[in-house]
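J.: Starting off with a structure, shown below.
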Amino acid sequence: MASSKEYLDFILEQLSELEEMSYRPMMGEYILYYRGKIIGGIYDNRLLLKPVKVVMDQLGQTRLERPYEGAKEMILIEDTEDKSFLARLIKEMYEVLPAPKVKKKE
């Protein structure tokens with residue numbers, strides 16, 4: 001099942017406190033970026049974030065789910081109502097995520 005544009009719009013509104021949020025459609029789903037780094041995505045109308053320690057520590061009990069068959073598990077964010085909490089979580093997550101790989105021109 002693909003994710004709806006309406007759910008994407010809802011999540012982007014919830015993350016509207018963050019500047020430089022962007023997304024890329026990918027096979028019916030959406031990859032989410034914050035300041036150029038991949039933070040997670042929307043899969044089957046679920047917000048899934050990369051499983052980094054800072055996120056797992058803040059959420060306490062986390063539920064890991066696969067975005068699709070054969071993928072690595074990601075953190076399911078069930079409470080998407082608290083805009084400030086989501087913004088803080090993603091800002092802290094950004095600090096520990098690796099920089100995007102620079103593609104070499106051939």
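Chain identifiers are assigned as A, B, and so on, following the order in which chains appear in the structure tokens; residues are numbered from 1 within each chain, and ligands are numbered from 1 in order of appearance.
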Need the shell around Val54 in chain A: protein/DNA/RNA residues with any atom at most 10 Å away, counting only C-alpha atoms. Skip same-chain ones fewer than 5 positions apart. Format as a PDB file with N, CA, C and O atoms, in the first residue's frame?

T.:
```pdb
ATOM      1  N   LEU A  59      12.225   8.148  23.364  1.00  0.00           N
ATOM      2  CA  LEU A  59      10.918   7.519  23.250  1.00  0.00           C
ATOM      3  C   LEU A  59      10.688   6.462  24.316  1.00  0.00           C
ATOM      4  O   LEU A  59       9.562   6.067  24.565  1.00  0.00           O
ATOM      5  N   LEU A  89      13.110  16.205  18.619  1.00  0.00           N
ATOM      6  CA  LEU A  89      13.621  14.868  18.328  1.00  0.00           C
ATOM      7  C   LEU A  89      14.453  14.879  17.044  1.00  0.00           C
ATOM      8  O   LEU A  89      15.566  14.351  17.006  1.00  0.00           O
ATOM      9  N   ILE A  90      13.936  15.516  16.023  1.00  0.00           N
ATOM     10  CA  ILE A  90      14.629  15.531  14.732  1.00  0.00           C
ATOM     11  C   ILE A  90      15.879  16.403  14.787  1.00  0.00           C
ATOM     12  O   ILE A  90      16.914  16.054  14.214  1.00  0.00           O
ATOM     13  N   GLU A  92      17.811  16.853  17.411  1.00  0.00           N
ATOM     14  CA  GLU A  92      18.824  16.071  18.128  1.00  0.00           C
ATOM     15  C   GLU A  92      19.326  14.916  17.269  1.00  0.00           C
ATOM     16  O   GLU A  92      20.509  14.588  17.278  1.00  0.00           O
ATOM     17  N   MET A  93      18.439  14.324  16.526  1.00  0.00           N
ATOM     18  CA  MET A  93      18.786  13.221  15.638  1.00  0.00           C
ATOM     19  C   MET A  93      19.759  13.699  14.556  1.00  0.00           C
ATOM     20  O   MET A  93      20.722  13.014  14.219  1.00  0.00           O
ATOM     21  N   TYR A  94      19.520  14.893  14.040  1.00  0.00           N
ATOM     22  CA  TYR A  94      20.353  15.465  12.980  1.00  0.00           C
ATOM     23  C   TYR A  94      21.817  15.524  13.397  1.00  0.00           C
ATOM     24  O   TYR A  94      22.713  15.255  12.593  1.00  0.00           O
ATOM     25  N   GLU A  95      22.037  15.861  14.657  1.00  0.00           N
ATOM     26  CA  GLU A  95      23.411  16.022  15.161  1.00  0.00           C
ATOM     27  C   GLU A  95      24.222  14.727  15.083  1.00  0.00           C
ATOM     28  O   GLU A  95      25.443  14.778  14.941  1.00  0.00           O
ATOM     29  N   VAL A  96      23.579  13.576  15.190  1.00  0.00           N
ATOM     30  CA  VAL A  96      24.320  12.314  15.215  1.00  0.00           C
ATOM     31  C   VAL A  96      24.275  11.550  13.891  1.00  0.00           C
ATOM     32  O   VAL A  96      24.974  10.550  13.737  1.00  0.00           O
TER      33      VAL A  96
END
```

J.: What's the 6 Å shell around Glu73 in chain A, counting only C-alpha atoms, without same-chain residues fewer than 5 positions away, as a ChimeraX atom specification?

T.: /A:64-66

J.: Quick one: pick out all alpha helix (DSSP H) residues within chain A from a backbone DSSP run and write them as a PyMOL selection string.

T.: chain A and resi 5-14+53-59+83-96

J.: Which of range 9-94 of chain A end up as strand (DSSP E) when DSSP is run on this backbone - answer as a compact mmCIF listing (two decimals) with N, CA, C and O atoms, in the first residue's frame?

T.:
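In the end it all went to selection06.txt:
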```txt
# COMPACT_ATOMS: atom_id res chain seq x y z
N MET A 21 13.13 21.27 5.88
CA MET A 21 12.56 19.92 5.74
C MET A 21 12.23 19.74 4.27
O MET A 21 11.75 20.66 3.61
N SER A 22 12.51 18.55 3.76
CA SER A 22 12.16 18.25 2.38
C SER A 22 11.84 16.77 2.27
O SER A 22 12.03 16.00 3.21
N TYR A 23 11.35 16.39 1.12
CA TYR A 23 11.03 14.98 0.89
C TYR A 23 11.25 14.64 -0.57
O TYR A 23 11.35 15.52 -1.42
N ARG A 24 11.34 13.36 -0.82
CA ARG A 24 11.47 12.86 -2.18
C ARG A 24 10.54 11.66 -2.33
O ARG A 24 10.61 10.72 -1.54
N PRO A 25 9.65 11.70 -3.33
CA PRO A 25 8.80 10.53 -3.55
C PRO A 25 9.64 9.35 -4.05
O PRO A 25 10.58 9.54 -4.83
N MET A 26 9.32 8.16 -3.55
CA MET A 26 10.09 6.98 -3.93
C MET A 26 9.15 5.77 -3.94
O MET A 26 8.75 5.30 -2.89
N GLU A 29 6.09 5.92 -1.80
CA GLU A 29 6.36 6.32 -0.42
C GLU A 29 7.16 7.62 -0.46
O GLU A 29 7.41 8.17 -1.54
N TYR A 30 7.57 8.13 0.70
CA TYR A 30 8.29 9.41 0.75
C TYR A 30 9.49 9.31 1.68
O TYR A 30 9.36 8.91 2.83
N ILE A 31 10.66 9.69 1.18
CA ILE A 31 11.87 9.78 2.00
C ILE A 31 11.91 11.19 2.57
O ILE A 31 11.71 12.17 1.84
N LEU A 32 12.14 11.31 3.89
CA LEU A 32 12.18 12.62 4.54
C LEU A 32 13.62 13.04 4.81
O LEU A 32 14.43 12.24 5.27
N TYR A 33 13.88 14.31 4.55
CA TYR A 33 15.20 14.90 4.75
C TYR A 33 15.09 16.10 5.68
O TYR A 33 14.12 16.86 5.60
N TYR A 34 16.07 16.25 6.54
CA TYR A 34 16.19 17.47 7.34
C TYR A 34 17.60 18.02 7.10
O TYR A 34 18.58 17.31 7.34
N LYS A 37 20.00 15.70 5.29
CA LYS A 37 20.26 14.34 5.79
C LYS A 37 18.95 13.55 5.83
O LYS A 37 17.91 14.08 6.23
N ILE A 38 19.02 12.29 5.43
CA ILE A 38 17.84 11.43 5.51
C ILE A 38 17.56 11.12 6.97
O ILE A 38 18.42 10.63 7.69
N ILE A 39 16.33 11.42 7.41
CA ILE A 39 15.95 11.14 8.79
C ILE A 39 15.00 9.95 8.89
O ILE A 39 14.84 9.37 9.95
N GLY A 40 14.37 9.61 7.79
CA GLY A 40 13.41 8.51 7.79
C GLY A 40 12.50 8.64 6.59
O GLY A 40 12.91 9.12 5.54
N GLY A 41 11.25 8.25 6.81
CA GLY A 41 10.32 8.34 5.70
C GLY A 41 8.91 8.04 6.11
O GLY A 41 8.62 7.72 7.27
N ILE A 42 8.03 8.14 5.13
CA ILE A 42 6.63 7.77 5.32
C ILE A 42 6.40 6.54 4.46
O ILE A 42 6.60 6.57 3.25
N TYR A 43 6.01 5.48 5.13
CA TYR A 43 5.78 4.19 4.48
C TYR A 43 4.43 3.66 4.94
O TYR A 43 4.19 3.54 6.14
N ARG A 46 2.80 5.58 7.64
CA ARG A 46 3.43 5.50 8.97
C ARG A 46 4.68 6.35 8.92
O ARG A 46 5.43 6.30 7.95
N LEU A 47 4.93 7.12 9.99
CA LEU A 47 6.16 7.89 10.10
C LEU A 47 7.21 6.99 10.74
O LEU A 47 7.04 6.54 11.88
N LEU A 48 8.26 6.69 9.98
CA LEU A 48 9.35 5.84 10.47
C LEU A 48 10.64 6.65 10.45
O LEU A 48 10.95 7.30 9.45
N LEU A 49 11.37 6.62 11.56
CA LEU A 49 12.65 7.33 11.65
C LEU A 49 13.79 6.34 11.78
O LEU A 49 13.60 5.21 12.25
N ARG A 63 8.86 0.94 19.11
CA ARG A 63 8.38 -0.15 18.27
C ARG A 63 9.13 -0.05 16.95
O ARG A 63 9.07 0.97 16.28
N LEU A 64 9.85 -1.12 16.61
CA LEU A 64 10.59 -1.14 15.35
C LEU A 64 9.77 -1.87 14.30
O LEU A 64 9.19 -2.93 14.57
N GLU A 65 9.72 -1.29 13.12
CA GLU A 65 9.00 -1.91 12.01
C GLU A 65 9.82 -1.74 10.74
O GLU A 65 10.62 -0.82 10.62
N MET A 74 13.05 0.28 11.37
CA MET A 74 13.08 1.70 11.72
C MET A 74 12.12 1.92 12.88
O MET A 74 11.29 1.07 13.19
N ILE A 75 12.23 3.09 13.51
CA ILE A 75 11.39 3.40 14.67
C ILE A 75 10.05 3.94 14.19
O ILE A 75 10.00 4.93 13.45
N LEU A 76 8.97 3.30 14.61
CA LEU A 76 7.63 3.78 14.31
C LEU A 76 7.29 4.90 15.29
O LEU A 76 7.34 4.71 16.51
N ILE A 77 6.94 6.07 14.76
CA ILE A 77 6.51 7.19 15.59
C ILE A 77 4.98 7.17 15.58
O ILE A 77 4.35 7.51 14.58
```

J.: Hey, which of A:Phe85, A:Ser16, A:Lys50, A:Gln58 ends up closest to Ala71 in chain A? Count only C-alpha atoms.

T.: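 So, comparing all the options, the nearest one is A:Lys50.
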